[in-house]
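Note: the block below is protein-v9.cif and it holds mmCIF, C-alpha atoms.
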data_input
loop_
_atom_site.label_atom_id
_atom_site.label_comp_id
_atom_site.auth_asym_id
_atom_site.auth_seq_id
_atom_site.Cartn_x
_atom_site.Cartn_y
_atom_site.Cartn_z
CA MET A 104 -40.55 30.15 5.28
CA LYS A 105 -37.79 27.99 6.74
CA ASN A 106 -38.34 25.36 4.03
CA LYS A 107 -37.98 28.04 1.34
CA GLN A 108 -34.72 29.25 2.89
CA LEU A 109 -33.38 25.70 3.03
CA SER A 110 -34.45 25.13 -0.57
CA GLY A 111 -32.77 28.36 -1.67
CA GLN A 112 -29.60 27.48 0.20
CA LYS A 113 -29.53 24.02 -1.40
CA TRP A 114 -30.03 25.52 -4.86
CA THR A 115 -27.22 28.04 -4.30
CA GLU A 116 -24.85 25.35 -3.05
CA ASN A 117 -25.66 23.10 -6.02
CA VAL A 118 -25.05 25.94 -8.48
CA PHE A 119 -21.70 26.57 -6.82
CA LEU A 120 -20.90 22.85 -6.98
CA GLY A 121 -21.78 22.80 -10.68
CA PHE A 122 -19.46 25.70 -11.44
CA LEU A 123 -16.77 24.15 -9.26
CA PHE A 124 -16.98 20.89 -11.18
CA ILE A 125 -16.91 22.60 -14.59
CA GLY A 126 -14.12 24.98 -13.60
CA MET A 127 -11.87 22.43 -11.90
CA GLY A 128 -12.60 19.76 -14.48
CA ALA A 129 -11.77 22.09 -17.35
CA LEU A 130 -8.64 23.32 -15.55
CA ILE A 131 -7.39 19.76 -15.13
CA ILE A 132 -8.28 18.63 -18.64
CA ILE A 133 -7.07 21.71 -20.54
CA THR A 134 -4.16 23.11 -18.52
CA PHE A 135 -2.69 19.79 -17.43
CA SER A 136 -3.61 17.71 -20.47
CA ALA A 137 -1.48 14.61 -20.91
CA LEU A 138 -1.20 15.30 -24.64
CA ARG A 139 -1.11 19.10 -24.80
CA PRO A 140 0.05 20.66 -21.50
CA THR A 141 -0.15 24.45 -21.70
CA LEU A 142 2.43 25.56 -19.12
CA GLU A 143 6.21 25.64 -19.15
CA PRO A 144 7.82 22.56 -17.50
CA VAL A 145 8.54 24.07 -14.07
CA GLN A 146 5.15 25.77 -13.80
CA ASP A 147 3.51 22.58 -15.06
CA TYR A 148 5.16 20.39 -12.38
CA LEU A 149 4.36 22.85 -9.60
CA GLY A 150 0.82 23.35 -10.88
CA ARG A 151 0.04 19.64 -10.97
CA ILE A 152 1.44 19.06 -7.49
CA GLY A 153 -0.25 22.17 -6.09
CA LEU A 154 -3.64 21.26 -7.53
CA ILE A 155 -3.48 17.70 -6.22
CA VAL A 156 -2.46 18.94 -2.74
CA LEU A 157 -5.26 21.55 -2.81
CA LEU A 158 -7.88 18.94 -3.67
CA LEU A 159 -6.48 16.53 -1.09
CA VAL A 160 -6.73 19.20 1.63
CA ALA A 161 -10.24 20.21 0.51
CA THR A 162 -11.36 16.57 0.61
CA TRP A 163 -10.00 16.22 4.15
CA LEU A 164 -11.59 19.50 5.32
CA VAL A 165 -15.11 18.74 4.08
CA ARG A 166 -14.94 15.38 5.83
CA LYS A 167 -14.72 17.34 9.11
CA SER A 168 -17.86 19.37 8.35
CA PRO A 169 -21.31 17.72 8.77
CA ARG A 170 -22.82 20.23 6.31
CA LEU A 171 -20.16 19.91 3.60
CA GLU A 172 -19.31 16.22 3.94
CA LYS A 173 -21.92 15.37 1.29
CA TYR A 174 -19.71 17.06 -1.34
CA ARG A 175 -16.71 14.90 -0.51
CA GLN A 176 -17.31 12.36 -3.28
CA VAL A 177 -17.26 15.05 -5.97
CA LEU A 178 -13.96 16.37 -4.60
CA ILE A 179 -12.59 12.83 -4.51
CA GLY A 180 -13.54 12.48 -8.18
CA LEU A 181 -11.71 15.70 -9.08
CA LEU A 182 -8.71 14.59 -7.02
CA ILE A 183 -8.59 11.26 -8.85
CA LEU A 184 -8.98 13.03 -12.21
CA ALA A 185 -6.06 15.37 -11.43
CA ALA A 186 -3.86 12.50 -10.27
CA VAL A 187 -4.71 10.23 -13.20
CA VAL A 188 -4.21 12.92 -15.85
CA SER A 189 -0.75 13.59 -14.39
CA LEU A 190 0.11 9.88 -14.19
CA ASP A 191 -1.02 9.48 -17.80
CA TRP A 192 1.26 12.38 -18.77
CA VAL A 193 4.26 10.89 -16.93
CA PHE A 194 3.91 7.35 -18.24
CA SER A 195 3.01 8.44 -21.78
CA VAL A 196 6.20 10.52 -21.94
CA TYR A 197 8.19 7.62 -20.49
CA VAL A 198 6.87 5.14 -23.05
CA MET A 199 7.42 7.50 -25.99
CA ASP A 200 10.96 8.35 -24.90
CA LYS A 201 12.15 4.96 -23.73
CA LEU A 202 10.43 2.67 -26.22
CA GLY A 203 10.64 4.93 -29.25
CA LEU A 204 6.88 5.17 -29.69
CA ASN A 205 6.18 8.50 -31.35
CA GLY A 206 2.82 7.83 -32.99
CA SER A 207 4.28 8.01 -36.49
CA THR A 208 2.79 4.66 -37.55
CA PRO A 209 -0.65 3.10 -36.93
CA MET A 210 0.96 0.46 -34.73
CA SER A 211 2.87 2.90 -32.50
CA PHE A 212 -0.17 5.20 -32.30
CA ALA A 213 -2.37 2.29 -31.16
CA LEU A 214 0.22 1.12 -28.62
CA ILE A 215 0.41 4.62 -27.15
CA LYS A 216 -3.38 4.58 -26.79
CA LEU A 217 -3.21 1.16 -25.15
CA ASN A 218 -0.62 2.46 -22.69
CA GLU A 219 -2.80 5.48 -21.88
CA CYS A 220 -5.78 3.20 -21.34
CA ALA A 221 -3.81 0.93 -19.00
CA VAL A 222 -2.59 3.90 -16.94
CA VAL A 223 -6.10 5.39 -16.67
CA VAL A 224 -7.94 2.14 -15.88
CA ILE A 225 -5.41 0.93 -13.31
CA SER A 226 -5.08 4.36 -11.66
CA VAL A 227 -8.81 5.12 -11.49
CA THR A 228 -9.72 1.70 -10.10
CA LEU A 229 -6.91 1.66 -7.52
CA LEU A 230 -7.52 5.24 -6.34
CA THR A 231 -11.27 4.63 -6.17
CA ARG A 232 -10.71 1.57 -3.99
CA LEU A 233 -8.23 3.48 -1.81
CA ALA A 234 -10.87 6.20 -1.33
CA GLY A 235 -13.34 3.59 -0.14
CA GLY A 236 -15.39 3.31 -3.32
CA SER A 237 -16.48 0.12 -5.06
CA LEU A 238 -15.98 -0.76 -8.71
CA GLY A 239 -19.75 -0.45 -9.08
CA SER A 240 -19.46 3.20 -8.01
CA ILE A 241 -17.56 3.84 -11.26
CA TYR A 242 -19.82 1.55 -13.35
CA ILE A 243 -17.27 -1.24 -13.70
CA GLN A 244 -19.84 -3.96 -13.22
CA LYS A 245 -22.04 -6.31 -15.21
CA GLY A 246 -25.18 -4.17 -15.05
CA ASN A 247 -27.67 -4.98 -17.79
CA LEU A 248 -24.94 -6.65 -19.84
CA LYS A 249 -27.14 -7.93 -22.67
CA GLN A 250 -28.74 -4.53 -23.23
CA GLY A 251 -25.42 -2.72 -22.95
CA LEU A 252 -23.64 -4.99 -25.42
CA THR A 253 -26.56 -4.90 -27.85
CA ILE A 254 -26.76 -1.10 -27.88
CA GLY A 255 -22.99 -0.76 -27.99
CA LEU A 256 -22.40 -3.27 -30.78
CA VAL A 257 -25.21 -1.90 -32.99
CA ALA A 258 -23.90 1.65 -32.55
CA PHE A 259 -20.32 0.49 -33.15
CA LEU A 260 -21.25 -1.26 -36.41
CA VAL A 261 -23.27 1.74 -37.64
CA CYS A 262 -20.29 4.00 -36.97
CA VAL A 263 -17.91 1.61 -38.73
CA ALA A 264 -20.21 1.45 -41.77
CA GLY A 265 -20.10 5.23 -42.13
CA SER A 266 -16.52 5.72 -41.03
CA VAL A 267 -14.92 6.44 -44.42
CA PRO A 268 -17.40 9.12 -45.57
CA MET A 269 -17.43 10.58 -42.06
CA ALA A 270 -13.62 10.77 -42.03
CA GLN A 271 -13.74 12.64 -45.34
CA LEU A 272 -16.62 14.92 -44.31
CA MET A 273 -15.57 15.85 -40.76
CA PHE A 274 -11.85 15.21 -40.52
CA LYS A 275 -8.67 15.94 -42.46
CA SER A 276 -8.39 12.53 -44.06
CA GLY A 277 -5.88 11.59 -46.73
CA ASP A 278 -6.07 8.63 -49.08
CA LEU A 279 -8.63 6.11 -47.76
CA ARG A 280 -8.50 3.39 -50.37
CA LEU A 281 -9.49 -0.06 -49.13
CA ALA A 282 -5.99 -1.41 -49.83
CA ARG A 283 -4.57 1.14 -47.38
CA ILE A 284 -7.22 0.62 -44.72
CA LEU A 285 -7.08 -3.19 -44.48
CA PRO A 286 -3.64 -3.38 -42.77
CA TRP A 287 -4.78 -0.75 -40.27
CA ILE A 288 -7.80 -2.71 -39.00
CA PRO A 289 -6.13 -4.33 -35.94
CA TRP A 290 -4.63 -1.00 -34.90
CA LEU A 291 -7.89 0.87 -35.52
CA LEU A 292 -9.75 -1.57 -33.28
CA LEU A 293 -7.08 -1.45 -30.58
CA ALA A 294 -6.81 2.36 -30.59
CA SER A 295 -10.56 2.99 -30.66
CA LEU A 296 -11.41 0.48 -27.91
CA ALA A 297 -8.55 1.72 -25.70
CA ASN A 298 -9.53 5.35 -26.18
CA GLY A 299 -13.23 4.65 -25.64
CA ALA A 300 -12.53 2.71 -22.45
CA GLN A 301 -10.24 5.29 -20.88
CA GLU A 302 -12.42 8.31 -21.69
CA GLU A 303 -15.67 6.67 -20.58
CA LEU A 304 -14.12 5.61 -17.28
CA LEU A 305 -12.45 8.98 -16.74
CA PHE A 306 -15.68 10.93 -17.31
CA ARG A 307 -18.93 8.97 -17.13
CA GLY A 308 -17.54 6.29 -14.83
CA LEU A 309 -15.75 8.59 -12.43
CA PHE A 310 -18.43 11.29 -12.06
CA LEU A 311 -21.96 10.19 -12.94
CA ARG A 312 -22.80 8.57 -9.61
CA LYS A 313 -21.06 11.35 -7.69
CA LEU A 314 -23.05 14.16 -9.33
CA GLN A 315 -26.48 12.51 -9.58
CA PRO A 316 -27.53 13.12 -5.93
CA PHE A 317 -27.21 16.87 -6.54
CA PHE A 318 -28.25 17.35 -10.17
CA GLY A 319 -30.25 14.30 -11.23
CA LYS A 320 -29.44 12.02 -14.14
CA PHE A 321 -29.75 14.37 -17.12
CA MET A 322 -28.04 17.43 -15.65
CA SER A 323 -25.20 15.29 -14.29
CA SER A 324 -24.67 13.85 -17.75
CA PHE A 325 -24.85 17.33 -19.26
CA LEU A 326 -22.23 18.77 -16.89
CA ILE A 327 -19.89 15.88 -17.68
CA ALA A 328 -20.54 16.31 -21.42
CA PHE A 329 -19.66 19.99 -21.09
CA VAL A 330 -16.29 19.24 -19.46
CA PHE A 331 -15.66 16.34 -21.85
CA THR A 332 -16.16 18.70 -24.80
CA PHE A 333 -13.44 21.00 -23.40
CA LEU A 334 -11.02 18.11 -23.80
CA HIS A 335 -11.55 18.21 -27.56
CA GLN A 336 -11.23 21.92 -28.25
CA SER A 337 -8.64 22.74 -30.90
CA VAL A 338 -7.72 19.09 -31.42
CA GLY A 339 -6.27 19.80 -34.86
CA TYR A 340 -7.75 16.88 -36.79
CA THR A 341 -11.15 18.35 -37.74
CA LEU A 342 -12.13 20.39 -40.76
CA ASN A 343 -14.46 22.50 -38.62
CA ASP A 344 -13.81 22.61 -34.85
CA PHE A 345 -17.17 24.23 -34.06
CA ALA A 346 -19.19 21.66 -36.00
CA PHE A 347 -17.20 18.87 -34.36
CA LEU A 348 -17.95 20.18 -30.87
CA LEU A 349 -21.64 20.55 -31.72
CA VAL A 350 -21.76 16.89 -32.71
CA LEU A 351 -19.75 15.84 -29.68
CA VAL A 352 -22.16 17.21 -27.06
CA PRO A 353 -25.17 15.01 -28.02
CA LEU A 354 -22.83 12.03 -28.40
CA ALA A 355 -21.52 12.58 -24.87
CA LEU A 356 -25.09 12.86 -23.60
CA ALA A 357 -25.96 9.59 -25.35
CA TRP A 358 -23.00 7.83 -23.73
CA GLY A 359 -24.14 9.11 -20.34
CA PHE A 360 -27.70 7.92 -20.97
CA ILE A 361 -26.50 4.44 -22.00
CA THR A 362 -24.32 4.18 -18.90
CA GLN A 363 -27.23 5.16 -16.66
CA LYS A 364 -29.71 2.96 -18.54
CA THR A 365 -27.57 -0.19 -18.47
CA ASP A 366 -25.86 0.56 -15.13
CA SER A 367 -22.44 -0.16 -16.64
CA LEU A 368 -19.86 1.28 -19.03
CA TRP A 369 -19.76 -1.52 -21.61
CA GLY A 370 -22.35 -0.11 -24.00
CA SER A 371 -20.99 3.43 -23.90
CA ILE A 372 -17.42 2.17 -24.40
CA LEU A 373 -18.40 0.30 -27.59
CA PHE A 374 -20.46 3.23 -28.91
CA HIS A 375 -17.64 5.68 -28.10
CA ALA A 376 -15.08 3.39 -29.76
CA GLY A 377 -17.19 3.30 -32.93
CA THR A 378 -17.25 7.10 -33.16
CA ASP A 379 -13.45 7.15 -32.83
CA ILE A 380 -12.98 4.96 -35.94
CA PRO A 381 -13.35 7.82 -38.48
CA VAL A 382 -11.10 10.03 -36.34
CA PHE A 383 -8.32 7.45 -36.27
CA LEU A 384 -8.85 6.59 -39.95
CA SER A 385 -8.16 10.23 -40.73
CA ILE A 386 -5.10 10.33 -38.48
CA PHE A 387 -3.69 7.07 -39.88
CA SER A 388 -4.19 8.29 -43.44
CA ARG A 389 -1.86 11.23 -42.76
CA LEU A 390 0.92 9.28 -41.09
CA GLY A 391 4.19 8.66 -42.91
#
Output the structure of this file as structure tokens.
Amino acid sequence: MKNKQLSGQKWTENVFLGFLFIGMGALIIITFSALRPTLEPVQDYLGRIGLIVLLLVATWLVRKSPRLEKYRQVLIGLLILAAVVSLDWVFSVYVMDKLGLNGSTPMSFALIKLNECAVVVISVTLLTRLAGGSLGSIYIQKGNLKQGLTIGLVAFLVCVAGSVPMAQLMFKSGDLRLARILPWIPWLLLASLANGAQEELLFRGLFLRKLQPFFGKFMSSFLIAFVFTFLHQSVGYTLNDFAFLLVLVPLALAWGFITQKTDSLWGSILFHAGTDIPVFLSIFSRLG
């Protein structure tokens, strides 16, 4: 009877943790998005600071409780996510304002993505180390490098091969003649690799190991895919938002599986970058 009570208590706590992760993750990603913040400036500033302080206090409190201390790593992940999203917002605004990068050309768009990637990678790695975690805890390690690179490169090339028809089918692409696309290639590669790296680290890298002790490999990947999909709601560059989100969920699950299978992010970064090519082709085709 006691074992059943303990099992029921564990299940209840894990369900609560799952909803906490989805709710807080979605709040951070949607409300305090670096690209599309939803609040007025004053409320936005206070909200970001308040949320970070709240998570910092919660992380400190659970450390004091033997029963709740096991959830500390998930709270640390949410704290890092909140801090990094806000740092990305600050430095993205700074670069756009001070360097005149407004995303109106393929080059400036790619450089903005590179800046975002640098902010995310540096912030996540430094904050993870400050919290006592290793780079391996966020999948920045060799892992099964050969397998990861093989899977990633094959997937990347398949995505590139179908990028033009996919841009026309799924996204609001303009003129995609070869003569227009060729000058974009360096910026397409830079933007897609930068975006793939930052999003894989910010989602799969930051949370997979933290959630797996509670939910197992598949459900952890699914919860992350669910929050990741929130990031892409109403993005404005798709012909059908619902169809896009339906495609995005299995892709996110595949990236999680590759990360877990190869014990590193390299394969999922390359695969993710390949799927971004048709998106950025469409965006570039509509720039001035």
Within 12 Å of stretch 117-130 of chain A, which residues of stretch 331-389 of chain A come that close, and what is the closest atom pair and distance in Å for each? Count all atoms listed in the file and give it as CSV.
residue,atom,partner,partner_atom,distance
A:Phe331,CA,A:Ala129,CA,8.3
A:Thr332,CA,A:Ala129,CA,9.3
A:Phe333,CA,A:Ala129,CA,6.4
A:Leu334,CA,A:Ala129,CA,7.6
A:His335,CA,A:Ala129,CA,10.9
A:Gln336,CA,A:Ala129,CA,10.9
For the residues in the current selection, export C-alpha atoms as a tab-separated table (two decimals), in the coordinates of the input.
chain	number	residue	atom	x	y	z
A	331	PHE	CA	-15.66	16.34	-21.85
A	332	THR	CA	-16.16	18.70	-24.80
A	333	PHE	CA	-13.44	21.00	-23.40
A	334	LEU	CA	-11.02	18.11	-23.80
A	335	HIS	CA	-11.55	18.21	-27.56
A	336	GLN	CA	-11.23	21.92	-28.25
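Atom to atom, atom CA of A:Phe347 and atom CA of A:Phe274 stand 8.9 Å apart.
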Next item on the list: Name the residues captured by the PyMOL selection byres ((chain A and resi 358) around 8) when it is applied to the shown file; answer as a VMD selection string.
Entry: chain A and resid 307 354 to 357 359 to 362 370 to 372 374 to 375
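Each of A:Val350, A:Leu390, A:Ala186, A:Val177 was checked against A:Phe318 using all atoms listed in the file; the smallest atom-to-atom distance is that of A:Val177.
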Next item on the list: Check the smallest atom-to-atom distance from each of A:Leu164, A:Val193, A:Val261, A:Leu157 to A:Pro140 using all atoms listed in the file, then report the winner.
Entry: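 Going through A:Leu164, A:Val193, A:Val261, A:Leu157 one by one, the smallest distance to A:Pro140 is for A:Val193.
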Item checked: Proximity to A:Trp290 - best of A:Val165, A:Val196, A:Leu181, A:Leu384, only C-alpha atoms -> A:Leu384
Margin query: Using all atoms listed in the file, can you tell me which of A:Leu178, A:Leu154, A:Leu292, A:Leu248 comes closest to A:Leu314?
Written below: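 When distances to A:Leu314 are compared using all atoms listed in the file, the smallest one comes from A:Leu178.
Considering all atoms listed in the file, the residue among A:Val338, A:Pro169, A:Leu230, A:Lys313 positioned nearest to A:Arg139 is A:Val338.
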Next item on the list: Go through A:Glu172, A:Glu116, A:Glu219, A:Glu143 and flag the residue nearest A:Leu296, using all atoms listed in the file for the distances.
Entry: A:Glu219
Check: In Å, how far is it from atom CA of A:Thr134 to atom CA of A:Asp147?
Finding: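 The value is 8.4 Å.
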Notebook entry, point to check: Between atom CA of A:Gln146 and atom CA of A:Phe310, what is the spacing in Å?
Noted result: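 Taking atom CA of A:Phe310 and atom CA of A:Gln146, their separation equals 27.7 Å.
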Margin query: Selection in question (the file shown): the PyMOL selection byres ((chain A and resi 222-225) around 12). Which residues does it include, as an MDAnalysis selection string?
Written below: chainID A and resid 137 183:195 197:198 215:221 226:232 238 241 243 297:306 308:309
Kindly extract all protein, DNA and RNA residues lying within 7 Å of the coordinates (-24.6, 12.9, -18.0) given in the file, considering all atoms listed in the file, and supply them as an mmCIF file with C-alpha atoms, in the coordinates of the input.
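Listed below is the output, selection02.cif:
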data_model
loop_
_atom_site.group_PDB
_atom_site.id
_atom_site.type_symbol
_atom_site.label_atom_id
_atom_site.label_comp_id
_atom_site.auth_asym_id
_atom_site.auth_seq_id
_atom_site.Cartn_x
_atom_site.Cartn_y
_atom_site.Cartn_z
ATOM 1 C CA ARG A 307 -18.930 8.970 -17.130
ATOM 2 C CA LEU A 311 -21.960 10.190 -12.940
ATOM 3 C CA LYS A 320 -29.440 12.020 -14.140
ATOM 4 C CA PHE A 321 -29.750 14.370 -17.120
ATOM 5 C CA MET A 322 -28.040 17.430 -15.650
ATOM 6 C CA SER A 323 -25.200 15.290 -14.290
ATOM 7 C CA SER A 324 -24.670 13.850 -17.750
ATOM 8 C CA PHE A 325 -24.850 17.330 -19.260
ATOM 9 C CA LEU A 326 -22.230 18.770 -16.890
ATOM 10 C CA ILE A 327 -19.890 15.880 -17.680
ATOM 11 C CA ALA A 328 -20.540 16.310 -21.420
ATOM 12 C CA LEU A 356 -25.090 12.860 -23.600
ATOM 13 C CA GLY A 359 -24.140 9.110 -20.340
ATOM 14 C CA PHE A 360 -27.700 7.920 -20.970
#
Note to self: Give me the residues near A:Asp366 as a list in words, where near means some atom within 8 Å (using all atoms listed in the file) and where sequence neighbours in that chain fewer than 5 positions away do not count.
What the structure shows: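 With the cut-off at 8 Å, the set is Tyr242, Gln244, Lys245, Gly246, Asn247 and Ile361 of chain A.
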Next item on the list: For A:Met199, work out the shell of residues within 10 Å, counting all atoms listed in the file and skipping chain neighbours fewer than 5 positions away, then give it as a PyMOL selection string.
Entry: chain A and resi 194+204-206+211+214-215
For A:Leu279, find every residue with an atom within 7 Å (counting all atoms listed in the file), except residues of its own chain fewer than 3 positions away, and show them as an mmCIF file with C-alpha atoms, in the frame of the given file.
data_model
loop_
_atom_site.group_PDB
_atom_site.id
_atom_site.type_symbol
_atom_site.label_atom_id
_atom_site.label_comp_id
_atom_site.auth_asym_id
_atom_site.auth_seq_id
_atom_site.Cartn_x
_atom_site.Cartn_y
_atom_site.Cartn_z
ATOM 1 C CA ARG A 283 -4.570 1.140 -47.380
ATOM 2 C CA ILE A 284 -7.220 0.620 -44.720
ATOM 3 C CA SER A 388 -4.190 8.290 -43.440
#
Checklist line | Matched chain/residue IDs from the PyMOL selection byres ((chain A and resi 340) around 10), as a PyMOL selection string | finding: chain A and resi 270+273-276+337-339+341-344+347+382-383+385-386
Using the partial input, fill out stretch 173-188 of chain A with N, CA and C atoms; write the result as a short mmCIF file (atom, residue, chain, number, x, y, z; two decimals), in the frame of the given file.
data_model
loop_
_atom_site.label_atom_id
_atom_site.label_comp_id
_atom_site.auth_asym_id
_atom_site.auth_seq_id
_atom_site.Cartn_x
_atom_site.Cartn_y
_atom_site.Cartn_z
N LYS A 173 -21.20 15.96 2.42
CA LYS A 173 -21.92 15.37 1.29
C LYS A 173 -21.25 15.66 -0.06
N TYR A 174 -20.40 16.70 -0.10
CA TYR A 174 -19.71 17.06 -1.34
C TYR A 174 -18.37 16.34 -1.49
N ARG A 175 -18.03 15.54 -0.52
CA ARG A 175 -16.71 14.90 -0.51
C ARG A 175 -16.47 14.01 -1.72
N GLN A 176 -17.49 13.27 -2.16
CA GLN A 176 -17.31 12.36 -3.28
C GLN A 176 -16.98 13.09 -4.58
N VAL A 177 -17.57 14.27 -4.77
CA VAL A 177 -17.26 15.05 -5.97
C VAL A 177 -15.81 15.52 -5.91
N LEU A 178 -15.36 15.96 -4.75
CA LEU A 178 -13.96 16.37 -4.60
C LEU A 178 -13.01 15.19 -4.79
N ILE A 179 -13.40 14.02 -4.29
CA ILE A 179 -12.59 12.83 -4.51
C ILE A 179 -12.48 12.55 -6.01
N GLY A 180 -13.58 12.69 -6.74
CA GLY A 180 -13.54 12.48 -8.18
C GLY A 180 -12.59 13.44 -8.87
N LEU A 181 -12.62 14.71 -8.48
CA LEU A 181 -11.71 15.70 -9.08
C LEU A 181 -10.26 15.41 -8.70
N LEU A 182 -10.05 14.96 -7.46
CA LEU A 182 -8.71 14.59 -7.02
C LEU A 182 -8.17 13.42 -7.84
N ILE A 183 -9.00 12.41 -8.04
CA ILE A 183 -8.59 11.26 -8.85
C ILE A 183 -8.32 11.69 -10.29
N LEU A 184 -9.17 12.55 -10.84
CA LEU A 184 -8.98 13.03 -12.21
C LEU A 184 -7.63 13.74 -12.33
N ALA A 185 -7.33 14.63 -11.39
CA ALA A 185 -6.06 15.37 -11.43
C ALA A 185 -4.87 14.42 -11.33
N ALA A 186 -4.96 13.45 -10.44
CA ALA A 186 -3.86 12.50 -10.27
C ALA A 186 -3.69 11.62 -11.50
N VAL A 187 -4.79 11.15 -12.06
CA VAL A 187 -4.71 10.23 -13.20
C VAL A 187 -4.21 10.93 -14.45
N VAL A 188 -4.68 12.16 -14.69
CA VAL A 188 -4.21 12.92 -15.85
C VAL A 188 -2.69 13.13 -15.76
#
